[in-house]
Every structure is written in C-alpha cells, then in structure tokens.
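Below is one structure, written out as structure tokens, with a few remarks after it.
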Amino acid sequence: MIIDSHAHLVAPESLYAHRAMLLADGGYHAGKARIADDDIAACAAGNVAKMDEVGTDVQLISPRPFHQGHSMQPSRLVHPWVASNNDVIARTVEMHPTRFAGVAGLPVTPGNPVSDAFGELHRTVEELGFVGVLVNPDPAEGTAKGPGMDDEYWFPLYSKLVELDVPMQIHSSGCYSGRETYSEHFISEESIAILSMLRGDVFDRFPDLRVIVSHGGGSVPYQLGRWQAEAFHAGLGGSPGATPFEVRLKQFYFDTVLHYPLALELLLRTVGPDRVLFGTERPGSGSTVNPATGAPYDDLKPVIESIGFLADADRAAIFEGNARTVFPRLKI
C-alpha cells in the first residue's frame, strides 16, 4: 500500500466563500458553511483520479496551510474557519473511507493560550476520527514575534498529543511579513522549529511525542555540517560531550516533499529510511511539470523506487510502514 502522509484538502469554492462571509461580518454570525455534498464529491473524485494516476492508495489530508488564517483579526474568526475546513475534510473522508484520512488544523492564534485549540483537537480526533494534527509554528504568520517550539507555551499541546496518541505535523501557514512569500516562510519556520526543539528539552519532557517535519525538514538536513559544529562549540552553548546533532535529528520524522532526487537521497542517508514518510503534497505547487523529465515534480513514487541504496524493506517502510507507526489511529 502507498500512503501519502502529506496532502491537503481539495475543496470547492463555496468553502472559501464562507471565509469571505466570516470576514465581512467580523465573525459575529459564524454559522456552518453551506457546502453541497455534490460539490465536495466532485472535488474528492478529482483528487482520487490524481491519486490513481500516480499509484497512491491513501492520502492523509489536512487544510491548505496558507488558507488557515491563524493571524486573522479578530481572532474569533479563526476558530469557525478552521473548524469549517476540518468539517469538509471529515465529509471527504466519509465519502471515500478507504482512500482518505483526516489530519486536523488547529485554531492556534497569536497572543492566546494554545489550550484554546483543545476543543477542536478533541472534536476532530475523538468525534471525527482524525489521525493527526497540523501545527503552525508561527501563528502570527510573520507579523509578530512568537514563542519558539521549545517554549513552555506549547507544552500543554505536546502533553495533550501524547495523551491522545496522535502525531503533529509541523507546517507553517501564511506569511504577511512583506519580506518572504508563504512558501519561503514554510522552509524558514520548519528549520527554526527543528533547531529550537533540539536546543530545548522537548523530547526529554515528552519522549513519546511524535513530530513530522514537512518538506524534508526545511533547510536543516542540507546545512547539517553547520549544526554539527555548533553542537560542540562551547561559545554557542555546545559541549564536547554533547550527543552529535545528526543523532538528535533522528528524534523527528520527515516527509519526502522535496521534488529533487539528490536532496531526497541526502535526507535518506542522513536520517535513515526508518524516519522518512512518503509524502507528495499533491496536488500543489509541485504538480508543475518538470521540463527535464516531462513528469510532475510531485510524482515521487518512481524517484524513491529508483534510489539504488534502498532495500525493498526500506521502500516498504517509506511507502507504508512508517506512516502506520507514526499514525497509530490510521486503520485503513
């Protein structure tokens, strides 16, 4: 079985019309989004067809990250909007229960306790059957300073995820800083999240926390030498007796959303096939056709199959086994 652990909701335009209504009335009349079953069914069928084109059996789908709007003001807009995305995911899964599983967006908003999102966390996991959550490390979306992922601000969430036995996928959202696009912001924030969590004591305090970092770990695996040196540099808080950075890096899981074969090979050699989950983010920006190959950048199954140093057991783990380990609630 081929499980795509990193994919996003393909939704009808009526979902985004609902956001326009929320913005227009300031969230004072936040009702249920009016989205017809036929519209959701058409989007889901189109996505299943794309999965079939490339041989994907199951997708774990979460809200489109840059649409989540964590920094919307007033912040009361965020909760009904994220819940509406999760509702459409749940309806999509219900229509195709053997092809999709849900990964929930969380309405974490800047300046408010992370526990504000726990109601939606419990609803999606315990009532709707979602198997994981998407966590934006920068709810301010580039507009203000916020706590790093090693800050105690996040610890109640980590504790709750361990209690519920669900993993979190680190994936940035929009960006309104004026100096980078949201796609650039993804890589920056994913890199910062890894480094801050390893500087802190997150995995000492929450040894059972499972964390997947999107897009192959941001820039971290490809700048490894710098972080190896810093780990032993006394002036930067390192220690001659420190655990090597590349060993500590294996406390995370990573997806294959890299779209460049040599980068994917480096990731696999660095962290090992047991820490890598097949993911494509298809359909997305990677669905652009690579002029050098004539295939979409996000058609990654043939790329993994062509990597010579992987054994058959390694490929089986990447395509299915690791996802089942990281997402124990996945029963498909």
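So you can find residues: chains in the structure tokens are A, B, ... in the order shown, residues in each start at 1, and ligands are numbered from 1 in order.
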Name the residues of stretch 232-296 of chain A that come out as helix (DSSP H, G or I) in a backbone DSSP run; write them as a count of residues only. 27
Name all residues at most 9 Å from A:Ser196 (count only C-alpha atoms; drop same-chain ones fewer than 6 positions away) and give them as a PyMOL selection string. chain A and resi 148-151
Saved selection, atoms kept: N, CA and C atoms, as a JSON list (two decimals), in the first residue's frame:
[["chain", "number", "residue", "atom", "x", "y", "z"],
["A", 148, "GLY", "N", 9.10, 30.16, 20.47],
["A", 148, "GLY", "CA", 9.66, 29.04, 19.73],
["A", 148, "GLY", "C", 9.02, 27.74, 20.15],
["A", 149, "MET", "N", 9.25, 26.70, 19.37],
["A", 149, "MET", "CA", 8.62, 25.41, 19.66],
["A", 149, "MET", "C", 9.20, 24.73, 20.89],
["A", 150, "ASP", "N", 10.27, 25.29, 21.45],
["A", 150, "ASP", "CA", 10.81, 24.79, 22.72],
["A", 150, "ASP", "C", 10.25, 25.54, 23.91],
["A", 151, "ASP", "N", 9.39, 26.51, 23.67],
["A", 151, "ASP", "CA", 8.84, 27.33, 24.75],
["A", 151, "ASP", "C", 7.71, 26.59, 25.47]]
Identify all residues of stretch 39-218 of chain A in strand (DSSP E or B) (DSSP on the backbone) and supply them as a ChimeraX atom specification. /A:58-62,100-105,132-135,168-170,211-213
Sorted by chain and rising residue number, list the residues of stretch 28-143 of chain A at most 12 Å from stretch 162-181 of chain A (counting only C-alpha atoms), each with its closest atom pair and distance in Å to one decimal, as CSV.
residue,atom,partner,partner_atom,distance
A:Leu60,CA,A:Gln169,CA,11.1
A:Ile61,CA,A:Gln169,CA,11.4
A:Ser62,CA,A:Gln169,CA,9.8
A:Pro63,CA,A:Ser173,CA,10.0
A:Arg64,CA,A:Ser173,CA,8.3
A:Pro65,CA,A:Ser173,CA,4.6
A:Phe66,CA,A:Gly174,CA,4.2
A:His67,CA,A:Gly174,CA,6.9
A:Gln68,CA,A:Ser173,CA,6.7
A:Gly69,CA,A:Gly174,CA,6.8
A:His70,CA,A:Ser173,CA,7.8
A:Ser71,CA,A:Gly174,CA,8.5
A:Met72,CA,A:Gly174,CA,10.4
A:Gly102,CA,A:Val166,CA,11.6
A:Val103,CA,A:Gln169,CA,8.7
A:Ala104,CA,A:Met168,CA,9.4
A:Gly105,CA,A:Gln169,CA,10.0
A:Leu106,CA,A:Met168,CA,10.5
A:Pro107,CA,A:Ser173,CA,11.8
A:Val108,CA,A:Ser173,CA,11.4
A:Thr109,CA,A:Ser173,CA,11.9
A:Phe118,CA,A:Leu164,CA,11.3
A:Leu121,CA,A:Leu164,CA,9.5
A:His122,CA,A:Leu164,CA,8.5
A:Arg123,CA,A:Leu164,CA,11.7
A:Thr124,CA,A:Val166,CA,11.2
A:Val125,CA,A:Leu164,CA,8.0
A:Glu126,CA,A:Leu164,CA,8.6
A:Gly129,CA,A:Val166,CA,10.9
A:Phe130,CA,A:Val166,CA,8.9
A:Val131,CA,A:Val166,CA,6.2
A:Gly132,CA,A:Val166,CA,5.1
A:Val133,CA,A:Met168,CA,4.9
A:Leu134,CA,A:Gln169,CA,4.8
A:Val135,CA,A:Ile170,CA,5.0
A:Asn136,CA,A:Ser172,CA,4.6
A:Pro137,CA,A:Ser172,CA,6.0
A:Asp138,CA,A:Ser172,CA,6.5
A:Pro139,CA,A:Ser173,CA,7.6
A:Ala140,CA,A:Cys175,CA,8.3
A:Glu141,CA,A:Cys175,CA,4.6
A:Gly142,CA,A:Ser177,CA,4.7
A:Thr143,CA,A:Ser177,CA,5.3
Long-range neighbours of A:Glu94 as a ChimeraX atom specification, 12 Å cut-off, only C-alpha atoms, 4 positions minimum in chain: /A:37,40-41,44,87-90,98-102,128-130
Taking a cut-off of 9 Å and counting only C-alpha atoms, can you build a table that, for each residue of stretch 207-286 of chain A near stretch 5-18 of chain A, reports the nearest atom pair and how far apart they are in Å (one decimal), sorted by chain then residue number, as a Markdown table?
| residue | atom | partner | partner_atom | distance |
| --- | --- | --- | --- | --- |
| A:Ser214 | CA | A:His6 | CA | 7.8 |
| A:Asp255 | CA | A:His6 | CA | 7.2 |
| A:Thr256 | CA | A:His6 | CA | 8.7 |
| A:Val257 | CA | A:His6 | CA | 7.9 |
| A:Leu277 | CA | A:Ser5 | CA | 6.6 |
| A:Phe278 | CA | A:Ser5 | CA | 6.1 |
| A:Gly279 | CA | A:His6 | CA | 4.6 |
| A:Thr280 | CA | A:His6 | CA | 6.0 |
| A:Glu281 | CA | A:Ala7 | CA | 4.2 |
| A:Arg282 | CA | A:Ala7 | CA | 6.0 |
| A:Pro283 | CA | A:Ala7 | CA | 7.6 |
| A:Gly284 | CA | A:His8 | CA | 8.3 |
Could you dump the residues just selected with N, CA and C atoms as a tab-separated table (two decimals), in the first residue's frame?
chain	number	residue	atom	x	y	z
A	214	SER	N	7.59	18.91	7.81
A	214	SER	CA	7.23	18.95	6.39
A	214	SER	C	8.41	19.35	5.51
A	255	ASP	N	9.04	14.08	5.85
A	255	ASP	CA	8.35	13.60	4.66
A	255	ASP	C	9.26	13.75	3.44
A	256	THR	N	8.77	13.26	2.29
A	256	THR	CA	9.59	13.27	1.07
A	256	THR	C	9.24	14.42	0.14
A	257	VAL	N	8.56	15.46	0.64
A	257	VAL	CA	8.13	16.56	-0.22
A	257	VAL	C	9.33	17.47	-0.51
A	277	LEU	N	8.73	9.44	5.78
A	277	LEU	CA	7.40	9.04	5.34
A	277	LEU	C	7.15	9.58	3.94
A	278	PHE	N	6.60	8.73	3.09
A	278	PHE	CA	6.23	9.16	1.75
A	278	PHE	C	5.20	10.28	1.84
A	279	GLY	N	5.44	11.36	1.13
A	279	GLY	CA	4.52	12.48	1.05
A	279	GLY	C	4.76	13.23	-0.23
A	280	THR	N	3.70	13.81	-0.79
A	280	THR	CA	3.82	14.50	-2.07
A	280	THR	C	3.26	15.91	-2.07
A	281	GLU	N	2.31	16.20	-1.19
A	281	GLU	CA	1.55	17.45	-1.20
A	281	GLU	C	0.77	17.63	-2.51
A	282	ARG	N	0.51	16.53	-3.18
A	282	ARG	CA	-0.19	16.53	-4.47
A	282	ARG	C	-1.70	16.57	-4.25
A	283	PRO	N	-2.44	17.44	-4.97
A	283	PRO	CA	-1.95	18.45	-5.91
A	283	PRO	C	-1.52	19.73	-5.18
A	284	GLY	N	-0.47	20.33	-5.65
A	284	GLY	CA	0.05	21.57	-5.07
A	284	GLY	C	1.03	22.19	-6.03
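Between A:Leu264 and the candidates A:Ser159, A:Asn322, A:Ser306, A:Thr243, the tightest atom-to-atom separation, counting only C-alpha atoms, involves A:Ser306.
All residues of protein, DNA or RNA that reach within 12 Å of A:Gly26, judged by only C-alpha atoms and not counting those fewer than 6 positions away in the chain, are Arg19, Ala20, Met72, Gln73, Pro74, Ser75, Arg76, Leu77, Val78, Pro80 and Trp81 of chain A.
If only C-alpha atoms are the atoms counted, then among A:Glu265, A:Gly321, A:Leu195, A:Leu157 the closest residue to A:Glu305 is A:Glu265.
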With distances taken over only C-alpha atoms, the candidate from A:Thr56, A:Ser239, A:Thr288, A:Ser191 nearest A:Gln223 is A:Ser191
